[in-house]
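Structure file run.pdb (PDB, C-alpha atoms) follows.
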ATOM      1  CA  MET A   1    -150.250  14.077   8.790
ATOM      2  CA  HIS A   2    -150.305  17.856   9.110
ATOM      3  CA  LYS A   3    -151.094  17.399  12.826
ATOM      4  CA  ASN A   4    -147.910  15.339  13.164
ATOM      5  CA  GLY A   5    -145.540  17.716  11.439
ATOM      6  CA  LEU A   6    -146.183  17.495   7.694
ATOM      7  CA  PRO A   7    -145.467  20.992   6.318
ATOM      8  CA  PRO A   8    -147.709  22.597   3.665
ATOM      9  CA  CYS A   9    -147.259  20.888   0.301
ATOM     10  CA  LYS A  10    -148.200  21.413  -3.316
ATOM     11  CA  VAL A  11    -150.096  18.159  -3.832
ATOM     12  CA  VAL A  12    -153.574  16.877  -3.068
ATOM     13  CA  LEU A  13    -155.027  13.371  -2.665
ATOM     14  CA  LYS A  14    -157.572  12.502  -5.352
ATOM     15  CA  GLU A  15    -159.291   9.293  -6.460
ATOM     16  CA  ARG A  16    -160.251   7.472  -9.632
ATOM     17  CA  PRO A  17    -162.534   4.428 -10.054
ATOM     18  CA  SER A  18    -160.981   0.980 -10.175
ATOM     19  CA  HIS A  19    -161.615  -1.199 -13.231
ATOM     20  CA  ASN A  20    -162.807  -3.873 -10.790
ATOM     21  CA  VAL A  21    -166.147  -2.858  -9.286
ATOM     22  CA  ASN A  22    -165.390  -5.026  -6.244
ATOM     23  CA  HIS A  23    -162.402  -2.849  -5.329
ATOM     24  CA  CYS A  24    -162.362   0.585  -3.731
ATOM     25  CA  PRO A  25    -161.476   3.592  -5.909
ATOM     26  CA  ILE A  26    -157.761   4.226  -6.342
ATOM     27  CA  HIS A  27    -156.267   7.176  -4.463
ATOM     28  CA  PHE A  28    -153.448   9.111  -6.113
ATOM     29  CA  VAL A  29    -151.286  12.163  -5.469
ATOM     30  CA  ALA A  30    -151.890  15.040  -7.893
ATOM     31  CA  ALA A  31    -150.578  18.564  -8.255
ATOM     32  CA  ASN A  32    -152.614  20.997  -6.150
ATOM     33  CA  ASP A  33    -151.291  23.948  -8.206
ATOM     34  CA  ASP A  34    -149.381  24.296 -11.442
ATOM     35  CA  LEU A  35    -145.854  23.025 -10.758
ATOM     36  CA  GLN A  36    -142.644  23.989 -12.519
ATOM     37  CA  THR A  37    -139.501  21.914 -12.996
ATOM     38  CA  GLY A  38    -137.523  21.902  -9.753
ATOM     39  CA  ASP A  39    -140.490  22.636  -7.471
ATOM     40  CA  ILE A  40    -140.666  20.701  -4.191
ATOM     41  CA  ALA A  41    -144.013  18.896  -4.394
ATOM     42  CA  PHE A  42    -143.875  17.740  -0.771
ATOM     43  CA  SER A  43    -141.465  17.106   2.087
ATOM     44  CA  VAL A  44    -142.283  14.372   4.627
ATOM     45  CA  PRO A  45    -140.386  14.659   7.960
ATOM     46  CA  ASN A  46    -138.564  11.553   9.173
ATOM     47  CA  LEU A  47    -141.044  11.298  12.059
ATOM     48  CA  LEU A  48    -143.633  10.169   9.488
ATOM     49  CA  VAL A  49    -141.342   7.792   7.554
ATOM     50  CA  VAL A  50    -141.134   4.070   8.377
ATOM     51  CA  THR A  51    -137.578   2.673   8.216
ATOM     52  CA  LEU A  52    -135.793  -0.226   9.903
ATOM     53  CA  GLU A  53    -133.983   2.235  12.142
ATOM     54  CA  ARG A  54    -137.390   3.419  13.343
ATOM     55  CA  VAL A  55    -138.878  -0.082  13.559
ATOM     56  CA  LEU A  56    -136.044  -1.832  15.377
ATOM     57  CA  GLY A  57    -134.847   1.143  17.396
ATOM     58  CA  ASN A  58    -131.202   0.251  16.822
ATOM     59  CA  GLU A  59    -129.181   0.681  13.643
ATOM     60  CA  ILE A  60    -126.753  -2.108  14.573
ATOM     61  CA  VAL A  61    -129.589  -4.627  15.067
ATOM     62  CA  ALA A  62    -131.162  -3.484  11.795
ATOM     63  CA  GLU A  63    -127.938  -4.080   9.859
ATOM     64  CA  LEU A  64    -127.372  -7.441  11.578
ATOM     65  CA  LEU A  65    -130.823  -8.734  10.702
ATOM     66  CA  THR A  66    -130.734  -7.620   7.082
ATOM     67  CA  THR A  67    -127.331  -9.178   6.408
ATOM     68  CA  ASN A  68    -128.365 -12.555   7.814
ATOM     69  CA  LYS A  69    -131.170 -14.290   5.888
ATOM     70  CA  LEU A  70    -133.770 -11.514   6.197
ATOM     71  CA  SER A  71    -134.541  -8.670   3.809
ATOM     72  CA  GLU A  72    -135.571  -5.152   4.717
ATOM     73  CA  LEU A  73    -138.930  -5.847   3.082
ATOM     74  CA  ALA A  74    -139.621  -8.809   5.374
ATOM     75  CA  CYS A  75    -138.800  -6.765   8.488
ATOM     76  CA  LEU A  76    -140.983  -3.864   7.349
ATOM     77  CA  ALA A  77    -143.839  -6.241   6.470
ATOM     78  CA  LEU A  78    -143.646  -7.813   9.946
ATOM     79  CA  TYR A  79    -143.795  -4.392  11.583
ATOM     80  CA  ILE A  80    -146.773  -3.315   9.468
ATOM     81  CA  MET A  81    -148.642  -6.525  10.401
ATOM     82  CA  TYR A  82    -148.055  -5.912  14.103
ATOM     83  CA  GLU A  83    -149.147  -2.291  13.833
ATOM     84  CA  LYS A  84    -152.275  -3.293  11.917
ATOM     85  CA  LYS A  85    -153.264  -5.542  14.841
ATOM     86  CA  GLN A  86    -153.397  -2.459  17.053
ATOM     87  CA  GLY A  87    -156.052  -0.876  14.856
ATOM     88  CA  LYS A  88    -156.785   2.779  15.525
ATOM     89  CA  GLU A  89    -154.414   2.786  18.489
ATOM     90  CA  SER A  90    -151.463   2.569  16.107
ATOM     91  CA  PHE A  91    -149.690   5.794  15.174
ATOM     92  CA  TRP A  92    -149.540   4.411  11.627
ATOM     93  CA  TYR A  93    -153.256   3.571  11.390
ATOM     94  CA  PRO A  94    -154.075   6.151   8.635
ATOM     95  CA  TYR A  95    -151.128   4.983   6.523
ATOM     96  CA  ILE A  96    -151.874   1.271   6.994
ATOM     97  CA  LYS A  97    -155.512   1.933   6.153
ATOM     98  CA  GLU A  98    -154.377   3.463   2.861
ATOM     99  CA  LEU A  99    -152.101   0.481   2.136
ATOM    100  CA  ASP A 100    -155.075  -1.823   2.713
ATOM    101  CA  ARG A 101    -157.227   0.288   0.427
ATOM    102  CA  GLN A 102    -154.669   0.122  -2.374
ATOM    103  CA  ARG A 103    -154.133  -3.639  -1.824
ATOM    104  CA  GLY A 104    -150.680  -3.350  -3.386
ATOM    105  CA  ARG A 105    -152.332  -2.518  -6.711
ATOM    106  CA  GLY A 106    -150.629   0.760  -7.532
ATOM    107  CA  GLN A 107    -152.038   3.373  -9.884
ATOM    108  CA  LEU A 108    -153.164   0.936 -12.582
ATOM    109  CA  ALA A 109    -155.295  -1.008 -10.072
ATOM    110  CA  VAL A 110    -153.519  -4.286 -10.837
ATOM    111  CA  GLU A 111    -151.869  -6.772  -8.495
ATOM    112  CA  SER A 112    -148.460  -8.355  -8.633
ATOM    113  CA  PRO A 113    -148.497 -11.936 -10.025
ATOM    114  CA  LEU A 114    -147.403 -12.958  -6.522
ATOM    115  CA  LEU A 115    -151.063 -12.505  -5.534
ATOM    116  CA  TRP A 116    -152.587 -14.103  -8.632
ATOM    117  CA  SER A 117    -154.559 -17.331  -8.442
ATOM    118  CA  GLU A 118    -153.078 -20.487  -9.927
ATOM    119  CA  ALA A 119    -155.413 -20.145 -12.931
ATOM    120  CA  GLU A 120    -154.296 -16.553 -13.514
ATOM    121  CA  LEU A 121    -150.648 -17.499 -13.164
ATOM    122  CA  ASN A 122    -151.105 -20.094 -15.908
ATOM    123  CA  PHE A 123    -151.454 -17.218 -18.368
ATOM    124  CA  LEU A 124    -147.686 -16.821 -17.957
ATOM    125  CA  THR A 125    -146.964 -20.444 -18.928
ATOM    126  CA  GLY A 126    -144.053 -20.496 -21.360
ATOM    127  CA  SER A 127    -142.673 -17.211 -20.058
ATOM    128  CA  PRO A 128    -139.564 -17.120 -17.836
ATOM    129  CA  THR A 129    -141.521 -14.632 -15.715
ATOM    130  CA  LYS A 130    -143.634 -17.487 -14.329
ATOM    131  CA  ARG A 131    -140.486 -19.181 -13.076
ATOM    132  CA  ASP A 132    -139.337 -15.888 -11.559
ATOM    133  CA  VAL A 133    -142.692 -15.475  -9.771
ATOM    134  CA  LEU A 134    -142.495 -18.975  -8.299
ATOM    135  CA  GLU A 135    -138.880 -18.414  -7.209
ATOM    136  CA  ARG A 136    -139.815 -15.102  -5.575
ATOM    137  CA  GLU A 137    -142.659 -16.804  -3.725
ATOM    138  CA  GLU A 138    -140.260 -19.463  -2.443
ATOM    139  CA  GLY A 139    -137.966 -16.684  -1.265
ATOM    140  CA  ILE A 140    -140.852 -15.028   0.596
ATOM    141  CA  LYS A 141    -141.673 -18.378   2.206
ATOM    142  CA  ARG A 142    -138.077 -18.765   3.412
ATOM    143  CA  GLU A 143    -138.231 -15.304   4.948
ATOM    144  CA  TYR A 144    -141.529 -16.144   6.626
ATOM    145  CA  ASN A 145    -139.855 -19.114   8.283
ATOM    146  CA  GLU A 146    -137.192 -16.754   9.679
ATOM    147  CA  LEU A 147    -139.625 -14.185  11.133
ATOM    148  CA  ASP A 148    -139.345 -15.580  14.650
ATOM    149  CA  THR A 149    -135.611 -14.771  14.488
ATOM    150  CA  VAL A 150    -136.475 -11.091  14.011
ATOM    151  CA  TRP A 151    -138.881 -11.214  16.926
ATOM    152  CA  PHE A 152    -136.300 -12.753  19.274
ATOM    153  CA  MET A 153    -133.348 -10.606  18.165
ATOM    154  CA  ALA A 154    -135.108  -7.226  17.954
ATOM    155  CA  GLY A 155    -135.665  -6.054  21.509
ATOM    156  CA  SER A 156    -138.050  -3.296  20.437
ATOM    157  CA  LEU A 157    -140.436  -5.782  18.844
ATOM    158  CA  PHE A 158    -140.144  -8.240  21.737
ATOM    159  CA  GLN A 159    -141.052  -5.569  24.308
ATOM    160  CA  GLN A 160    -143.935  -4.174  22.281
ATOM    161  CA  TYR A 161    -145.443  -7.540  21.293
ATOM    162  CA  PRO A 162    -144.282  -9.973  24.040
ATOM    163  CA  TYR A 163    -146.825 -12.718  23.304
ATOM    164  CA  ASP A 164    -147.207 -12.507  19.529
ATOM    165  CA  ILE A 165    -144.668 -14.908  18.018
ATOM    166  CA  PRO A 166    -144.839 -14.021  14.277
ATOM    167  CA  THR A 167    -145.447 -17.429  12.731
ATOM    168  CA  GLU A 168    -148.163 -18.118  15.316
ATOM    169  CA  ALA A 169    -149.804 -14.705  14.996
ATOM    170  CA  PHE A 170    -149.738 -14.497  11.179
ATOM    171  CA  SER A 171    -150.255 -17.105   8.464
ATOM    172  CA  PHE A 172    -148.002 -17.264   5.435
ATOM    173  CA  GLU A 173    -150.765 -15.872   3.202
ATOM    174  CA  ILE A 174    -151.182 -12.814   5.427
ATOM    175  CA  PHE A 175    -147.424 -12.279   5.455
ATOM    176  CA  LYS A 176    -147.238 -12.618   1.675
ATOM    177  CA  GLN A 177    -149.958  -9.989   1.216
ATOM    178  CA  ALA A 178    -148.122  -7.631   3.584
ATOM    179  CA  PHE A 179    -144.811  -8.334   1.836
ATOM    180  CA  VAL A 180    -146.285  -7.542  -1.596
ATOM    181  CA  ALA A 181    -147.917  -4.356  -0.263
ATOM    182  CA  VAL A 182    -144.577  -3.224   1.172
ATOM    183  CA  GLN A 183    -142.732  -4.286  -1.992
ATOM    184  CA  SER A 184    -145.012  -2.143  -4.171
ATOM    185  CA  SER A 185    -144.706   0.866  -1.837
ATOM    186  CA  VAL A 186    -141.134   0.900  -0.534
ATOM    187  CA  VAL A 187    -138.756   3.692  -1.549
ATOM    188  CA  HIS A 188    -135.024   3.075  -1.983
ATOM    189  CA  LEU A 189    -133.280   6.130  -0.541
ATOM    190  CA  GLN A 190    -129.752   7.054  -1.606
ATOM    191  CA  LYS A 191    -126.830   8.295   0.537
ATOM    192  CA  VAL A 192    -128.288   7.139   3.855
ATOM    193  CA  SER A 193    -127.341   4.406   6.350
ATOM    194  CA  LEU A 194    -128.289   0.791   5.647
ATOM    195  CA  ALA A 195    -130.986   0.978   8.323
ATOM    196  CA  ARG A 196    -132.713   3.846   6.464
ATOM    197  CA  ARG A 197    -132.225   2.923   2.806
ATOM    198  CA  PHE A 198    -135.642   1.256   2.452
ATOM    199  CA  ALA A 199    -138.499   3.475   3.574
ATOM    200  CA  LEU A 200    -142.275   3.618   3.537
ATOM    201  CA  VAL A 201    -143.219   7.228   2.860
ATOM    202  CA  PRO A 202    -146.743   8.646   3.223
ATOM    203  CA  LEU A 203    -147.659  10.437  -0.063
ATOM    204  CA  GLY A 204    -145.115   8.158  -1.776
ATOM    205  CA  PRO A 205    -145.913   4.939  -3.672
ATOM    206  CA  PRO A 206    -148.474   3.487  -4.182
ATOM    207  CA  LEU A 207    -150.113   6.934  -4.218
ATOM    208  CA  LEU A 208    -147.556   8.090  -6.797
ATOM    209  CA  SER A 209    -147.535   6.756 -10.343
ATOM    210  CA  TYR A 210    -144.425   4.933 -11.552
ATOM    211  CA  SER A 211    -142.699   5.824 -14.811
ATOM    212  CA  SER A 212    -139.634   4.372 -16.542
ATOM    213  CA  ASN A 213    -138.885   7.618 -18.349
ATOM    214  CA  CYS A 214    -139.075  10.377 -15.730
ATOM    215  CA  LYS A 215    -136.191  11.432 -13.481
ATOM    216  CA  THR A 216    -138.133  12.332 -10.338
ATOM    217  CA  MET A 217    -137.004  10.438  -7.225
ATOM    218  CA  LEU A 218    -137.844  10.659  -3.547
ATOM    219  CA  ALA A 219    -134.697  11.785  -1.747
ATOM    220  CA  ALA A 220    -133.528  12.045   1.865
ATOM    221  CA  VAL A 221    -132.789  15.715   2.603
ATOM    222  CA  ASP A 222    -132.216  17.430   5.993
ATOM    223  CA  GLY A 223    -134.360  15.264   8.255
ATOM    224  CA  ALA A 224    -137.063  14.622   5.679
ATOM    225  CA  VAL A 225    -137.888  12.783   2.457
ATOM    226  CA  GLN A 226    -138.840  15.158  -0.325
ATOM    227  CA  LEU A 227    -140.015  15.011  -3.913
ATOM    228  CA  VAL A 228    -138.715  17.490  -6.496
ATOM    229  CA  VAL A 229    -140.536  17.291  -9.852
ATOM    230  CA  ASP A 230    -138.528  16.938 -13.059
ATOM    231  CA  ARG A 231    -141.068  18.605 -15.354
ATOM    232  CA  PRO A 232    -144.038  20.996 -15.248
ATOM    233  CA  TYR A 233    -147.389  19.653 -13.965
ATOM    234  CA  LYS A 234    -150.846  21.110 -14.443
ATOM    235  CA  THR A 235    -153.233  21.374 -11.494
ATOM    236  CA  GLY A 236    -154.887  17.991 -10.905
ATOM    237  CA  GLU A 237    -152.303  16.025 -12.928
ATOM    238  CA  PRO A 238    -151.017  12.816 -11.260
ATOM    239  CA  ILE A 239    -147.409  13.015 -10.042
ATOM    240  CA  ALA A 240    -145.039  10.350 -11.370
ATOM    241  CA  VAL A 241    -141.724   9.064  -9.986
ATOM    242  CA  TRP A 242    -138.961   6.985 -11.547
ATOM    243  CA  CYS A 243    -139.223   3.279 -10.761
ATOM    244  CA  GLY A 244    -135.546   2.580 -11.419
ATOM    245  CA  PRO A 245    -133.827   0.775 -14.310
ATOM    246  CA  GLN A 246    -136.102  -2.265 -14.223
ATOM    247  CA  PRO A 247    -137.164  -4.399 -17.187
ATOM    248  CA  ASN A 248    -140.875  -5.092 -17.589
ATOM    249  CA  SER A 249    -140.522  -8.553 -16.070
ATOM    250  CA  LYS A 250    -139.376  -6.935 -12.807
ATOM    251  CA  LEU A 251    -142.051  -4.233 -12.978
ATOM    252  CA  LEU A 252    -144.721  -6.916 -13.357
ATOM    253  CA  ILE A 253    -143.565  -8.888 -10.315
ATOM    254  CA  ASN A 254    -142.834  -5.866  -8.130
ATOM    255  CA  TYR A 255    -145.761  -3.626  -9.063
ATOM    256  CA  GLY A 256    -148.148  -5.597 -11.284
ATOM    257  CA  PHE A 257    -147.740  -3.553 -14.473
ATOM    258  CA  VAL A 258    -145.572  -3.219 -17.568
ATOM    259  CA  ASP A 259    -144.469  -0.028 -19.338
ATOM    260  CA  GLU A 260    -144.760  -0.066 -23.133
ATOM    261  CA  ASP A 261    -142.207   2.764 -23.373
ATOM    262  CA  ASN A 262    -139.759   1.218 -20.904
ATOM    263  CA  PRO A 263    -136.208   1.952 -22.161
ATOM    264  CA  TYR A 264    -134.863  -0.671 -19.740
ATOM    265  CA  ASP A 265    -137.012  -3.516 -21.013
ATOM    266  CA  ARG A 266    -134.954  -6.363 -22.368
ATOM    267  CA  VAL A 267    -134.802 -10.012 -23.331
ATOM    268  CA  THR A 268    -131.961 -12.008 -21.819
ATOM    269  CA  VAL A 269    -130.153 -14.555 -23.994
ATOM    270  CA  GLU A 270    -127.742 -16.776 -22.091
ATOM    271  CA  VAL A 271    -125.001 -18.542 -24.055
ATOM    272  CA  ALA A 272    -122.318 -20.910 -22.773
ATOM    273  CA  LEU A 273    -119.125 -22.365 -24.183
ATOM    274  CA  ASN A 274    -119.163 -26.166 -24.425
ATOM    275  CA  THR A 275    -117.103 -27.573 -21.542
ATOM    276  CA  ASP A 276    -116.565 -30.796 -23.529
ATOM    277  CA  ASP A 277    -114.900 -28.883 -26.374
ATOM    278  CA  PRO A 278    -111.167 -29.862 -26.586
ATOM    279  CA  GLN A 279    -110.414 -26.155 -27.060
ATOM    280  CA  TYR A 280    -112.629 -25.015 -24.202
ATOM    281  CA  GLN A 281    -109.810 -23.534 -22.101
ATOM    282  CA  ASP A 282    -108.458 -21.522 -25.040
ATOM    283  CA  LYS A 283    -111.940 -20.274 -25.880
ATOM    284  CA  ARG A 284    -112.595 -19.332 -22.266
ATOM    285  CA  LEU A 285    -109.313 -17.369 -22.252
ATOM    286  CA  ALA A 286    -110.257 -15.575 -25.470
ATOM    287  CA  ALA A 287    -113.679 -14.733 -24.105
ATOM    288  CA  GLN A 288    -112.260 -13.397 -20.824
ATOM    289  CA  ARG A 289    -109.771 -11.244 -22.695
ATOM    290  CA  ASN A 290    -112.742  -9.578 -24.377
ATOM    291  CA  GLY A 291    -114.756  -9.036 -21.225
ATOM    292  CA  LYS A 292    -116.942 -12.132 -21.572
ATOM    293  CA  SER A 293    -117.250 -15.296 -19.472
ATOM    294  CA  ALA A 294    -117.705 -19.007 -20.170
ATOM    295  CA  VAL A 295    -121.417 -18.539 -19.433
ATOM    296  CA  GLN A 296    -122.431 -15.166 -20.848
ATOM    297  CA  ALA A 297    -125.726 -13.265 -20.685
ATOM    298  CA  PHE A 298    -126.585 -10.890 -23.529
ATOM    299  CA  TYR A 299    -129.341  -8.303 -23.185
ATOM    300  CA  ILE A 300    -131.533  -7.338 -26.120
ATOM    301  CA  TYR A 301    -133.284  -3.978 -25.666
ATOM    302  CA  VAL A 302    -136.206  -2.699 -27.707
ATOM    303  CA  GLY A 303    -134.882  -0.551 -30.551
ATOM    304  CA  ARG A 304    -131.311  -1.780 -30.033
ATOM    305  CA  GLU A 305    -131.623  -5.282 -31.456
ATOM    306  CA  LYS A 306    -128.889  -4.710 -34.080
ATOM    307  CA  GLU A 307    -126.341  -3.670 -31.443
ATOM    308  CA  ALA A 308    -127.128  -6.792 -29.410
ATOM    309  CA  ILE A 309    -126.662  -9.066 -32.432
ATOM    310  CA  LEU A 310    -123.336  -7.438 -33.288
ATOM    311  CA  GLU A 311    -122.197  -8.051 -29.720
ATOM    312  CA  MET A 312    -123.372 -11.671 -29.703
ATOM    313  CA  LEU A 313    -122.013 -12.809 -33.085
ATOM    314  CA  PRO A 314    -118.271 -12.904 -32.211
ATOM    315  CA  TYR A 315    -119.026 -14.948 -29.098
ATOM    316  CA  LEU A 316    -121.276 -17.370 -31.016
ATOM    317  CA  ARG A 317    -118.678 -17.749 -33.751
ATOM    318  CA  LEU A 318    -116.019 -18.399 -31.121
ATOM    319  CA  GLY A 319    -118.105 -21.264 -29.784
ATOM    320  CA  TYR A 320    -118.190 -22.920 -33.222
ATOM    321  CA  VAL A 321    -114.451 -22.709 -33.989
ATOM    322  CA  SER A 322    -113.113 -26.224 -34.488
ATOM    323  CA  ASP A 323    -109.930 -25.730 -36.517
ATOM    324  CA  ILE A 324    -106.835 -25.483 -34.286
ATOM    325  CA  SER A 325    -105.082 -22.964 -36.558
ATOM    326  CA  GLU A 326    -108.106 -20.688 -36.505
ATOM    327  CA  MET A 327    -108.213 -20.937 -32.727
ATOM    328  CA  GLN A 328    -104.547 -19.887 -32.618
ATOM    329  CA  PHE A 329    -105.385 -16.884 -34.809
ATOM    330  CA  VAL A 330    -108.130 -15.906 -32.352
ATOM    331  CA  LEU A 331    -105.710 -16.168 -29.429
ATOM    332  CA  CYS A 332    -103.077 -14.047 -31.192
ATOM    333  CA  TYR A 333    -105.539 -11.379 -32.383
ATOM    334  CA  GLN A 334    -105.125  -8.094 -30.511
ATOM    335  CA  GLY A 335    -108.411  -6.429 -31.499
ATOM    336  CA  PRO A 336    -111.442  -5.718 -29.326
ATOM    337  CA  VAL A 337    -113.419  -8.743 -30.520
ATOM    338  CA  CYS A 338    -112.911 -12.446 -31.219
ATOM    339  CA  PRO A 339    -112.845 -12.684 -35.038
ATOM    340  CA  VAL A 340    -112.977 -15.881 -37.042
ATOM    341  CA  ARG A 341    -111.516 -15.938 -40.563
TER     342      ARG A 341
END

Would you write the structure of this file as structure tokens?
Amino acid sequence: MHKNGLPPCKVVLKERPSHNVNHCPIHFVAANDDLQTGDIAFSVPNLLVVTLERVLGNEIVAELLTTNKLSELACLALYIMYEKKQGKESFWYPYIKELDRQRGRGQLAVESPLLWSEAELNFLTGSPTKRDVLEREEGIKREYNELDTVWFMAGSLFQQYPYDIPTEAFSFEIFKQAFVAVQSSVVHLQKVSLARRFALVPLGPPLLSYSSNCKTMLAAVDGAVQLVVDRPYKTGEPIAVWCGPQPNSKLLINYGFVDEDNPYDRVTVEVALNTDDPQYQDKRLAAQRNGKSAVQAFYIYVGREKEAILEMLPYLRLGYVSDISEMQFVLCYQGPVCPVR
């Protein structure tokens, strides 16, 4: 990367053994010197960053494709598959080789449930996460069926790979593996055009550890993507970045791990007013007046269970009101909640 414009940085690539002896050791980015809060760990020029603008060669085409059935992840996965076919002739060969080495496993050497076997997925039986995994897989399959649309609409891909129609060149399983690898590595950049908001950044994930508690984020700055650390690091210490406000169920599907100290972890409880209730319309009105809907989701966070219960109780009590006079009292009440006498 230094030969292609990467400036000197304050990190080094190290490795640790994988818990699975059949897998290669895990590479990770660590501090090359002691770092202080606010230090720039590295800055990767846009020339070395993979975005849809770079892949499709036209921002308008990129925005058209990603607002019509196809996600940025699917387009990036397709591009990575094509580039991998070129082997060492590809400009991105070193980066793709690293993605293959990591196998979408991240720093904990675990895979997303999207790549689990059926037997492994059965461990999630009874959990709503299993349903979410199956729904995500169906979504990936729908995107796979639309890949030929990308190939026909994106002139840059058509000219570079004129005989490789996607669904003929790549099986669904290969596409799913590429999709999961991109999903676990992609960076969501802020304050950039739609065609650049999702990026694959060398030295970024999966070489960086994810954390729910840190504030470090990769950011687009002056023709590059840079990482500014949010705390001091000792030489050799792995660098961590914020993975966004995701509950553990999302972290598991996206990256294959859960965070025991995740402040965004939650349990969702969905409650609905009975549409057969003679007072349904009045109850719906009362709920709306208090910022709730006829079908309402409540989120229970670790350590904040009491607050969630206090928020849920008025809504639950509203659902059980049967006396007309009590319902009229609820409708006339001007307070912030829906009380029941």

Extract, using only C-alpha atoms, all DNA, RNA and protein residues at most 12 Å from A:Arg304, discarding same-chain residues fewer than 3 positions from it, and format them as a PDB file with C-alpha atoms, in the coordinates of the input.
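File written: result_27.pdb
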ATOM      1  CA  PRO A 263    -136.208   1.952 -22.161  1.00  0.00           C
ATOM      2  CA  TYR A 264    -134.863  -0.671 -19.740  1.00  0.00           C
ATOM      3  CA  ASP A 265    -137.012  -3.516 -21.013  1.00  0.00           C
ATOM      4  CA  ARG A 266    -134.954  -6.363 -22.368  1.00  0.00           C
ATOM      5  CA  VAL A 267    -134.802 -10.012 -23.331  1.00  0.00           C
ATOM      6  CA  TYR A 299    -129.341  -8.303 -23.185  1.00  0.00           C
ATOM      7  CA  ILE A 300    -131.533  -7.338 -26.120  1.00  0.00           C
ATOM      8  CA  TYR A 301    -133.284  -3.978 -25.666  1.00  0.00           C
ATOM      9  CA  GLU A 307    -126.341  -3.670 -31.443  1.00  0.00           C
ATOM     10  CA  ALA A 308    -127.128  -6.792 -29.410  1.00  0.00           C
ATOM     11  CA  ILE A 309    -126.662  -9.066 -32.432  1.00  0.00           C
ATOM     12  CA  LEU A 310    -123.336  -7.438 -33.288  1.00  0.00           C
ATOM     13  CA  GLU A 311    -122.197  -8.051 -29.720  1.00  0.00           C
TER      14      GLU A 311
END

Practice task
Check which residues satisfy the PyMOL selection byres ((chain A and resi 96) around 12) in the file shown, then give them as an NGL selection string.
Solution key: :A and (50 or 77 or 79-95 or 97-104 or 178 or 181-182 or 185 or 200-202 or 206)

Mind dumping the selected residues with C-alpha atoms as a tab-separated table (two decimals), in the coordinates of the input?
chain	number	residue	atom	x	y	z
A	50	VAL	CA	-141.13	4.07	8.38
A	77	ALA	CA	-143.84	-6.24	6.47
A	79	TYR	CA	-143.79	-4.39	11.58
A	80	ILE	CA	-146.77	-3.32	9.47
A	81	MET	CA	-148.64	-6.52	10.40
A	82	TYR	CA	-148.06	-5.91	14.10
A	83	GLU	CA	-149.15	-2.29	13.83
A	84	LYS	CA	-152.28	-3.29	11.92
A	85	LYS	CA	-153.26	-5.54	14.84
A	86	GLN	CA	-153.40	-2.46	17.05
A	87	GLY	CA	-156.05	-0.88	14.86
A	88	LYS	CA	-156.78	2.78	15.52
A	89	GLU	CA	-154.41	2.79	18.49
A	90	SER	CA	-151.46	2.57	16.11
A	91	PHE	CA	-149.69	5.79	15.17
A	92	TRP	CA	-149.54	4.41	11.63
A	93	TYR	CA	-153.26	3.57	11.39
A	94	PRO	CA	-154.07	6.15	8.64
A	95	TYR	CA	-151.13	4.98	6.52
A	97	LYS	CA	-155.51	1.93	6.15
A	98	GLU	CA	-154.38	3.46	2.86
A	99	LEU	CA	-152.10	0.48	2.14
A	100	ASP	CA	-155.07	-1.82	2.71
A	101	ARG	CA	-157.23	0.29	0.43
A	102	GLN	CA	-154.67	0.12	-2.37
A	103	ARG	CA	-154.13	-3.64	-1.82
A	104	GLY	CA	-150.68	-3.35	-3.39
A	178	ALA	CA	-148.12	-7.63	3.58
A	181	ALA	CA	-147.92	-4.36	-0.26
A	182	VAL	CA	-144.58	-3.22	1.17
A	185	SER	CA	-144.71	0.87	-1.84
A	200	LEU	CA	-142.28	3.62	3.54
A	201	VAL	CA	-143.22	7.23	2.86
A	202	PRO	CA	-146.74	8.65	3.22
A	206	PRO	CA	-148.47	3.49	-4.18

Handout entry: Option closest in space to A:Val150, from A:Ser71, A:Ser211, A:Ser293, A:Gln226 [counting only C-alpha atoms]
Key = A:Ser71

Practice task
Given the file shown, enumerate the residues that the PyMOL selection byres ((chain A and resi 3-15) around 12) captures and present them as a PyMOL selection string.
Solution key: chain A and resi 1-2+16-18+24-36+39-49+91-92+94+98+101-102+107+109+201-204+206-208+223-229+233-240

Handout entry: Hits from the PyMOL selection byres ((chain A and resi 279) around 10), listed as a list in words
Key =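 Taken over the shown coordinates, the PyMOL selection byres ((chain A and resi 279) around 10) returns Leu273, Asn274, Thr275, Asp276, Asp277, Pro278, Tyr280, Gln281, Asp282, Lys283, Arg284, Gly319, Val321, Ser322, Asp323, Ile324 and Met327 of chain A.
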
Keeping only C-alpha atoms, write the selected residues as an mmCIF file, in the coordinates of the input.
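Contents of result00.cif, as written:
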data_model
loop_
_atom_site.group_PDB
_atom_site.id
_atom_site.type_symbol
_atom_site.label_atom_id
_atom_site.label_comp_id
_atom_site.auth_asym_id
_atom_site.auth_seq_id
_atom_site.Cartn_x
_atom_site.Cartn_y
_atom_site.Cartn_z
ATOM 1 C CA LEU A 273 -119.125 -22.365 -24.183
ATOM 2 C CA ASN A 274 -119.163 -26.166 -24.425
ATOM 3 C CA THR A 275 -117.103 -27.573 -21.542
ATOM 4 C CA ASP A 276 -116.565 -30.796 -23.529
ATOM 5 C CA ASP A 277 -114.900 -28.883 -26.374
ATOM 6 C CA PRO A 278 -111.167 -29.862 -26.586
ATOM 7 C CA TYR A 280 -112.629 -25.015 -24.202
ATOM 8 C CA GLN A 281 -109.810 -23.534 -22.101
ATOM 9 C CA ASP A 282 -108.458 -21.522 -25.040
ATOM 10 C CA LYS A 283 -111.940 -20.274 -25.880
ATOM 11 C CA ARG A 284 -112.595 -19.332 -22.266
ATOM 12 C CA GLY A 319 -118.105 -21.264 -29.784
ATOM 13 C CA VAL A 321 -114.451 -22.709 -33.989
ATOM 14 C CA SER A 322 -113.113 -26.224 -34.488
ATOM 15 C CA ASP A 323 -109.930 -25.730 -36.517
ATOM 16 C CA ILE A 324 -106.835 -25.483 -34.286
ATOM 17 C CA MET A 327 -108.213 -20.937 -32.727
#
